[in-house]
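Have a look at the structure below before the remarks.
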Amino acid sequence: MTSSADSDAHPPDRGHKALTAALGTRLGVIADNHGYLDPRVLELFAGVAHILHAGDIIDPEILAALEVVAPLTAVAGNIDAGEVAARLPREVAGTAYGVRFALGHKYKRLTKRLAAGTIEGLAAGALPDLVVYGHDHMPAAAWVEGTLFLNPGSASAPHDEDDGPTVAIVEVTPAGLAVSFLPLERRDVEAGTESPTA
């Protein structure tokens, strides 16, 4: 897996999937806000065709703010509760402007359900163009049988041991999907104001 901030297009000789999306289509990818939305995210995502959120949102106002920027698909994370947990599924599959995706919070849970075919809209073992997950707060991208597996990192980096906060942009290029990790500013958090993770 890579965690570079540079764009990494999937080389055409590695068996990438034929995309029906228009070249230049851009998706904003985010996870692990933990109740905080950096205002810069709204600027970075300006002009994206769709936003994918991989959970641990906490505050439903974050969903509302992102929906103003672009259509949004989101899942609940392990610390989401109340309105957010009631509103969102744990995993979901769909298509955003020709890019087929699967979205979940925890990598292990998501990949087990992909293999079992228990995510509506995907047959057992079928891999979409893009698989997005969060939870471990580490930006990473890896290619598996022509599918991009992507963790955008944490958009809030609430723990001292976390890498700096990041989001990602996925773009459709002639070579397939390319990902760029975009750093955010780490914020100072007063003791006792952050939500715990499990």
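For the structure tokens, the naming scheme is as follows: chains receive sequential letters (A, B, ...) according to their order of presentation, residues are indexed from 1 within each chain, and ligands are indexed from 1 in presentation order.
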Per residue of segment 61-170 of chain A within 6 Å of segment 28-45 of chain A, note the shortest atom pair and the distance in Å to one decimal, counting only C-alpha atoms, and order the rows by chain and increasing residue number, as JSON lines.
```
{"residue": "A:Gly134", "atom": "CA", "partner": "A:Ala31", "partner_atom": "CA", "distance": 5.5}
{"residue": "A:Pro152", "atom": "CA", "partner": "A:Ile30", "partner_atom": "CA", "distance": 5.7}
{"residue": "A:Ser154", "atom": "CA", "partner": "A:Asp32", "partner_atom": "CA", "distance": 4.8}
{"residue": "A:Ala155", "atom": "CA", "partner": "A:Asn33", "partner_atom": "CA", "distance": 5.0}
{"residue": "A:Ser156", "atom": "CA", "partner": "A:Asn33", "partner_atom": "CA", "distance": 5.1}
{"residue": "A:Val167", "atom": "CA", "partner": "A:Ile30", "partner_atom": "CA", "distance": 5.1}
{"residue": "A:Ala168", "atom": "CA", "partner": "A:Val29", "partner_atom": "CA", "distance": 5.0}
{"residue": "A:Ile169", "atom": "CA", "partner": "A:Gly28", "partner_atom": "CA", "distance": 4.8}
```
Handout entry: Long-range neighbours of Gly55 of chain A as a ChimeraX atom specification, 12 Å cut-off, only C-alpha atoms, 3 positions minimum in chain
Key = /A:29-35,52,58-60,62-63,73-81,84-85,87-92,103-107,132-137,151-155,197
Please, could you write that set of residues out with C-alpha atoms as a PDB file, in the first residue's frame?
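So the final result, stored in again_4.pdb, reads:
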```pdb
ATOM      1  CA  VAL A  29     -13.217  10.802  -0.525  1.00  0.00           C
ATOM      2  CA  ILE A  30     -13.288  11.408   3.226  1.00  0.00           C
ATOM      3  CA  ALA A  31     -13.439   9.458   6.496  1.00  0.00           C
ATOM      4  CA  ASP A  32     -13.138   9.818  10.254  1.00  0.00           C
ATOM      5  CA  ASN A  33     -14.207  13.419  10.880  1.00  0.00           C
ATOM      6  CA  HIS A  34     -14.961  12.601  14.515  1.00  0.00           C
ATOM      7  CA  GLY A  35     -17.389  15.503  14.773  1.00  0.00           C
ATOM      8  CA  LEU A  52     -17.857   9.263  -0.594  1.00  0.00           C
ATOM      9  CA  ILE A  58     -20.620  11.832  14.620  1.00  0.00           C
ATOM     10  CA  ASP A  59     -22.240  15.188  13.758  1.00  0.00           C
ATOM     11  CA  PRO A  60     -25.082  15.061  11.199  1.00  0.00           C
ATOM     12  CA  ILE A  62     -21.175  17.398   8.577  1.00  0.00           C
ATOM     13  CA  LEU A  63     -23.333  15.389   6.187  1.00  0.00           C
ATOM     14  CA  THR A  73     -22.876   8.637  -0.282  1.00  0.00           C
ATOM     15  CA  ALA A  74     -21.918   7.856   3.318  1.00  0.00           C
ATOM     16  CA  VAL A  75     -21.794   4.954   5.745  1.00  0.00           C
ATOM     17  CA  ALA A  76     -21.868   4.835   9.537  1.00  0.00           C
ATOM     18  CA  GLY A  77     -18.642   4.107  11.384  1.00  0.00           C
ATOM     19  CA  ASN A  78     -18.151   2.213  14.627  1.00  0.00           C
ATOM     20  CA  ILE A  79     -18.499   5.324  16.809  1.00  0.00           C
ATOM     21  CA  ASP A  80     -21.458   6.814  14.964  1.00  0.00           C
ATOM     22  CA  ALA A  81     -24.678   6.736  16.974  1.00  0.00           C
ATOM     23  CA  VAL A  84     -26.137   9.343  11.961  1.00  0.00           C
ATOM     24  CA  ALA A  85     -26.235   5.619  12.741  1.00  0.00           C
ATOM     25  CA  ARG A  87     -29.725   7.223   8.801  1.00  0.00           C
ATOM     26  CA  LEU A  88     -26.749   5.424   7.262  1.00  0.00           C
ATOM     27  CA  PRO A  89     -25.937   1.819   6.322  1.00  0.00           C
ATOM     28  CA  ARG A  90     -22.727   0.096   7.459  1.00  0.00           C
ATOM     29  CA  GLU A  91     -21.766  -0.816   3.887  1.00  0.00           C
ATOM     30  CA  VAL A  92     -23.120   0.254   0.523  1.00  0.00           C
ATOM     31  CA  LEU A 103     -18.010   1.812   0.728  1.00  0.00           C
ATOM     32  CA  GLY A 104     -17.622   0.737   4.349  1.00  0.00           C
ATOM     33  CA  HIS A 105     -15.883   1.871   7.518  1.00  0.00           C
ATOM     34  CA  LYS A 106     -13.731  -1.094   8.560  1.00  0.00           C
ATOM     35  CA  TYR A 107     -11.546  -2.803   5.954  1.00  0.00           C
ATOM     36  CA  VAL A 132     -13.290   2.878   0.094  1.00  0.00           C
ATOM     37  CA  TYR A 133     -12.816   2.338   3.829  1.00  0.00           C
ATOM     38  CA  GLY A 134     -11.578   4.273   6.875  1.00  0.00           C
ATOM     39  CA  HIS A 135     -11.180   3.512  10.600  1.00  0.00           C
ATOM     40  CA  ASP A 136      -7.398   3.206  11.024  1.00  0.00           C
ATOM     41  CA  HIS A 137      -6.634   6.881  10.230  1.00  0.00           C
ATOM     42  CA  ASN A 151      -8.359   4.747   2.742  1.00  0.00           C
ATOM     43  CA  PRO A 152      -8.370   8.574   2.565  1.00  0.00           C
ATOM     44  CA  GLY A 153      -6.948   8.843   6.085  1.00  0.00           C
ATOM     45  CA  SER A 154      -8.617  10.734   8.908  1.00  0.00           C
ATOM     46  CA  ALA A 155     -10.047  14.159   8.114  1.00  0.00           C
ATOM     47  CA  THR A 197     -12.474   5.598  19.061  1.00  0.00           C
TER      48      THR A 197
END
```
Practice task
Any chance you could list, as an NGL selection string, the residues in segment 41-197 of chain A that come up alpha helix (DSSP H) when DSSP is run on the backbone?
Solution key: :A and (41-44 or 60-69 or 82-87 or 107-116)
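Residue neighbourhood of Leu122 of chain A, excluding near-sequence residues (fewer than 5 positions): Ala93, Gly94, Ala102, Leu114, Gly117, Leu127 and Pro128 of chain A, at 9 Å, using only C-alpha atoms.
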With N, CA and C atoms retained, export the selected residues as a compact mmCIF listing (two decimals), in the first residue's frame.
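Saved as again.txt:
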```
# COMPACT_ATOMS: atom_id res chain seq x y z
N ALA A 93 -22.98 -0.23 -1.84
CA ALA A 93 -22.37 -0.24 -3.17
C ALA A 93 -23.20 0.66 -4.06
N GLY A 94 -22.56 1.23 -5.07
CA GLY A 94 -23.29 2.09 -5.99
C GLY A 94 -22.41 2.50 -7.15
N ALA A 102 -17.70 0.41 -3.73
CA ALA A 102 -18.20 -0.17 -2.49
C ALA A 102 -17.60 0.66 -1.37
N LEU A 114 -17.75 -8.18 0.86
CA LEU A 114 -17.52 -8.23 -0.58
C LEU A 114 -17.34 -9.68 -1.04
N GLY A 117 -20.62 -11.58 -0.88
CA GLY A 117 -21.70 -11.09 -1.72
C GLY A 117 -22.89 -10.59 -0.94
N LEU A 127 -15.68 -7.39 -7.70
CA LEU A 127 -15.03 -6.18 -7.22
C LEU A 127 -15.40 -5.01 -8.12
N PRO A 128 -15.79 -3.88 -7.52
CA PRO A 128 -16.09 -2.68 -8.30
C PRO A 128 -14.79 -1.98 -8.72
```
Exercise for the section: Can you list, as a VMD selection string, all residues belonging to segment 53-172 of chain A that DSSP tags as strand (DSSP E)? Expected result: chain A and resid 53 72 to 74 91 to 96 99 to 104 130 to 132 140 to 144 147 to 151 166 to 172
Exercise for the section: Find the distance between atom CA of Glu67 of chain A and atom CA of Phe181 of chain A and write it in Å to one decimal. Expected result: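 Distance between the two atoms: 20.9 Å.
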Handout entry: Residue with smallest distance to Gly121 of chain A - pool A:Ala178, A:Glu61, A:Glu171, A:Arg100, counting only C-alpha atoms
Key =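 Counting only C-alpha atoms, the residue closest to Gly121 of chain A is A:Arg100.
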Handout entry: Coordinates-based distance that separates atom CA of Glu161 of chain A from atom CA of Phe149 of chain A (Å, one decimal)
Key = 23.1 Å
Exercise for the section: Quick one: everything within 7 Å of Gly98 of chain A, counting only C-alpha atoms, minus sequence neighbours fewer than 3 positions away in the same chain. Send it as a ChimeraX atom specification. Expected result: /A:19-21,95
Handout entry: One-decimal distance in Å that lies between atom CA of Val48 of chain A and atom CA of Ala70 of chain A
Key =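 Distance reported for this atom pair: 6.6 Å.
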